[in-house]
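Trainee: Can you read through this structure? Questions will come right after.
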Amino acid sequence: MILYPAIDLKEGRCVRLVQGDMDRATVFGDDPAAQGATFEGQGFPWLHVVDLDGAFAGAPRNAEAVEAILARVGIPVQLGGGIRDMKTLDGWLAKGVARVVIGTAAVRDPGFVREAARRHPGQVAVGIDAKDGRVAVEGWAQTSSMTAEELGRRFEDAGVAAIVYTDIARDGILKGLNVEMTLALAQAVSIPVIASGGLASIDDVHRLLQPDCALIAGAITGRALYDGRIDPRAALAAIAAAQRPAP
C-alpha cells in the first residue's frame with residue numbers, strides 16, 4: 001500500500017477543505033514546494049497534488065505552484081484538478097507529472113480518458129468523487145446520476161492506472177475513511193483503487209493494512225498530517241513492516 005500526502009492548492013497556497021467546500025478552507029502554508037520537499041524528506045514515496053481552483057474552473061489555475069513543486073522534489077507527483085483536454089494532460093506529463101487524475105471529464109467525456117490512457121500507459125488515473133453514493137463533478141459542485149461502481153466499470157478495459165476514490169462527506173473532517181464503500185469499488189473493478197477522504201489517525205493506516213483491505217492499493221492523507229494527528233514515521237514504518245516478507 002502507498003500512502004500519499006496531499007497538497008491541495010487554492011490561490012497558490014496549501015489548504016484543506018471541509019467536504020469540498022471552497023468557503024471552508026484552512027490555509028496550512030504559503031509555499032507548496034517547501035511542503036512537498038518536507039513530505040519527501042519524511043520518506044513518502046509519492047505526492048498527491050490537487051489544483052482546487054482548476055477543478056472548479058475546468059482548466060489549470062495553480063500552474064506556477066505545481067511547477068515549483070515539480071522543480072523541488074524528486075519523488076513522483078500525481079496531479080488532479082482542471083485536466084479536461086489532451087493539450088492540458090500532455091502538457092503536465094511533459095513538465096514532469098508522473099500521473100494525472102481525470103475527474104469531471106471521466107463522466108462528461110469517457111472517450112478522452114480512453115485515448116489518454118492509450119497514449120500514456122500507466123500515467124492516467126480516474127478520480128471518482130462520491131456524494132451520497134453518486135459521482136460528483138465540477139469540483140464537487142454538481143452531482144451526477146451515476147454511481148461510483150458504474151463509473152469505475154466504464155474504464156475496466158481502458159488501461160487506466162488507478163482510481164482515486166473520495167467520499168466527499170468524510171473529506172477534511174477526520175472521521176475515518178469509508179472503508180466499506182472503497183472496498184466495494186475495489187471488488188467491482190480490476191483497476192487499483194486509492195482511498196481518499198477522512199483518513200484521521202494511525203488507526204486508519206493499520207485498518208488499511210488488514211488482510212481484508214488487501215485490494216486497496218493506497219490511501220491519501222491530508223489534514224491529519226498537517227494537524228499532526230498522524231506521525232509520518234510511524235505510518236510509513238507500519239506500512240513497511242506489513243509489506244516485509246515473513247522470516
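As shown in the C-alpha cells, the chain order sets the letters A, B, ...; within each chain, residues go from 1, and ligands are also counted from 1 in the order they appear.
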Show me, as number ranges by chain, the residues that have an atom within 10 Å of region 96-113 of chain A when counting only C-alpha atoms, minus same-chain residues fewer than 5 positions from it.
Mentor: A: 46-50, 55-56, 58, 66-67, 69-71, 75-86, 89-91, 118-129, 135-140, 142, 144, 146, 151-152, 154-155, 158-164
Trainee: Using only C-alpha atoms, which residues sit within 12 Å of Ile7 (chain A) once same-chain residues fewer than 5 positions away are excluded, as a PyMOL selection string?
Mentor: chain A and resi 12-17+27-39+46-52+62+65-66+69+77-81+220-223+225-226
Trainee: Give me every strand (DSSP E) residue in region 212-241 of chain A, going by DSSP on the backbone, as number ranges by chain.
Mentor: A: 216-221
Trainee: Next, the residues of the selection above should be written as a CSV table (one decimal), in the first residue's frame with N, CA and C atoms.
Mentor:
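Printed below is part30.csv as written:
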```csv
chain,number,residue,atom,x,y,z
A,216,ILE,N,-7.1,-2.6,-1.6
A,216,ILE,CA,-6.9,-1.2,-1.6
A,216,ILE,C,-5.5,-0.9,-1.9
A,217,ALA,N,-5.1,-0.2,-3.0
A,217,ALA,CA,-3.8,-0.1,-3.4
A,217,ALA,C,-3.0,1.1,-2.6
A,218,GLY,N,-3.8,2.0,-2.1
A,218,GLY,CA,-3.2,3.1,-1.4
A,218,GLY,C,-4.2,4.0,-0.8
A,219,ALA,N,-3.7,5.1,-0.1
A,219,ALA,CA,-4.6,6.0,0.6
A,219,ALA,C,-4.0,7.4,0.6
A,220,ILE,N,-4.8,8.4,0.5
A,220,ILE,CA,-4.4,9.8,0.5
A,220,ILE,C,-4.7,10.4,1.9
A,221,THR,N,-3.7,11.1,2.5
A,221,THR,CA,-3.9,11.7,3.7
A,221,THR,C,-3.6,13.2,3.6
```
Trainee: For a test of reading the model, state the distance in Å between CA of Pro45 (chain A) and CA of Leu3 (chain A), rounded to one decimal.
Mentor: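 Computed distance, CA of Pro45 (chain A) to CA of Leu3 (chain A), equals 7.8 Å.
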Trainee: Enter the distance from CA of Ile168 (chain A) to CA of Arg24 (chain A), in Å, rounded to one decimal.
Mentor: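 Going from CA of Ile168 (chain A) over to CA of Arg24 (chain A) covers 13.5 Å.
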Trainee: Near region 183-191 of chain A, counting only C-alpha atoms, which residues have an atom at most 6 Å away, once you skip same-chain residues fewer than 2 positions from it, shown as number ranges by chain?
Mentor: A: 149, 162, 179-181, 193
Trainee: Pick from A:Thr88, A:Thr182, A:Asp227, A:Pro192: nearest to Ala59 (chain A), with only C-alpha atoms counted?
Mentor: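 Looking only at the distances to Ala59 (chain A), the closest residue turns out to be A:Thr88.
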Trainee: Among region 50-222 of chain A, which residues carry a DSSP assignment of alpha helix (DSSP H), reported as an MDAnalysis selection string?
Mentor: chainID A and resid 52:57 63:72 86:94 104:108 110:119 148:154 179:188 202:208
Trainee: Those selected residues, please, written with C-alpha atoms and delivered as an mmCIF file, in the first residue's frame.
Mentor:
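Final file, out14.cif:
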```cif
data_model
loop_
_atom_site.group_PDB
_atom_site.id
_atom_site.type_symbol
_atom_site.label_atom_id
_atom_site.label_comp_id
_atom_site.auth_asym_id
_atom_site.auth_seq_id
_atom_site.Cartn_x
_atom_site.Cartn_y
_atom_site.Cartn_z
ATOM 1 C CA LEU A 52 -8.662 23.111 -6.452
ATOM 2 C CA ASP A 53 -9.215 26.328 -8.367
ATOM 3 C CA GLY A 54 -8.615 24.411 -11.583
ATOM 4 C CA ALA A 55 -11.202 21.794 -10.632
ATOM 5 C CA PHE A 56 -13.858 24.487 -10.397
ATOM 6 C CA ALA A 57 -12.661 26.469 -13.408
ATOM 7 C CA ALA A 63 0.313 26.045 -12.617
ATOM 8 C CA GLU A 64 3.101 28.119 -11.053
ATOM 9 C CA ALA A 65 2.747 26.334 -7.718
ATOM 10 C CA VAL A 66 2.632 22.904 -9.365
ATOM 11 C CA GLU A 67 5.711 23.666 -11.444
ATOM 12 C CA ALA A 68 7.548 24.831 -8.308
ATOM 13 C CA ILE A 69 6.727 21.514 -6.624
ATOM 14 C CA LEU A 70 7.956 19.565 -9.652
ATOM 15 C CA ALA A 71 11.212 21.535 -9.633
ATOM 16 C CA ARG A 72 11.747 20.950 -5.919
ATOM 17 C CA MET A 86 -5.486 16.349 -24.172
ATOM 18 C CA LYS A 87 -3.420 19.519 -24.517
ATOM 19 C CA THR A 88 -3.537 20.135 -20.761
ATOM 20 C CA LEU A 89 -2.859 16.485 -19.982
ATOM 21 C CA ASP A 90 0.057 16.225 -22.404
ATOM 22 C CA GLY A 91 1.459 19.476 -21.071
ATOM 23 C CA TRP A 92 1.546 18.307 -17.460
ATOM 24 C CA LEU A 93 3.139 14.986 -18.325
ATOM 25 C CA ALA A 94 5.760 16.791 -20.411
ATOM 26 C CA THR A 104 -15.112 15.563 -14.249
ATOM 27 C CA ALA A 105 -14.020 14.645 -17.786
ATOM 28 C CA ALA A 106 -14.288 10.944 -16.904
ATOM 29 C CA VAL A 107 -18.036 11.475 -16.560
ATOM 30 C CA ARG A 108 -18.503 14.022 -19.341
ATOM 31 C CA PRO A 110 -15.067 8.949 -21.279
ATOM 32 C CA GLY A 111 -13.529 8.767 -24.735
ATOM 33 C CA PHE A 112 -10.950 11.326 -23.624
ATOM 34 C CA VAL A 113 -9.913 9.073 -20.724
ATOM 35 C CA ARG A 114 -9.589 6.071 -23.013
ATOM 36 C CA GLU A 115 -7.483 7.949 -25.534
ATOM 37 C CA ALA A 116 -5.308 9.451 -22.801
ATOM 38 C CA ALA A 117 -4.704 6.034 -21.209
ATOM 39 C CA ARG A 118 -3.847 4.589 -24.617
ATOM 40 C CA ARG A 119 -1.352 7.357 -25.339
ATOM 41 C CA ALA A 148 -19.028 5.098 -8.313
ATOM 42 C CA GLU A 149 -19.138 1.450 -9.323
ATOM 43 C CA GLU A 150 -20.866 2.259 -12.608
ATOM 44 C CA LEU A 151 -18.200 4.814 -13.460
ATOM 45 C CA GLY A 152 -15.374 2.501 -12.438
ATOM 46 C CA ARG A 153 -16.656 -0.338 -14.615
ATOM 47 C CA ARG A 154 -16.798 2.032 -17.577
ATOM 48 C CA VAL A 179 -13.530 1.519 4.020
ATOM 49 C CA GLU A 180 -16.774 -0.295 3.206
ATOM 50 C CA MET A 181 -17.528 1.752 0.083
ATOM 51 C CA THR A 182 -13.890 1.798 -1.019
ATOM 52 C CA LEU A 183 -13.706 -1.973 -0.752
ATOM 53 C CA ALA A 184 -16.981 -2.340 -2.654
ATOM 54 C CA LEU A 185 -15.496 -0.355 -5.527
ATOM 55 C CA ALA A 186 -12.205 -2.264 -5.396
ATOM 56 C CA GLN A 187 -14.134 -5.546 -5.568
ATOM 57 C CA ALA A 188 -16.220 -4.319 -8.502
ATOM 58 C CA ILE A 202 -2.596 5.813 12.596
ATOM 59 C CA ASP A 203 -5.529 3.514 13.382
ATOM 60 C CA ASP A 204 -6.849 4.172 9.866
ATOM 61 C CA VAL A 205 -3.474 3.191 8.432
ATOM 62 C CA HIS A 206 -3.472 -0.030 10.456
ATOM 63 C CA ARG A 207 -7.028 -0.741 9.275
ATOM 64 C CA LEU A 208 -5.925 -0.492 5.650
#
```
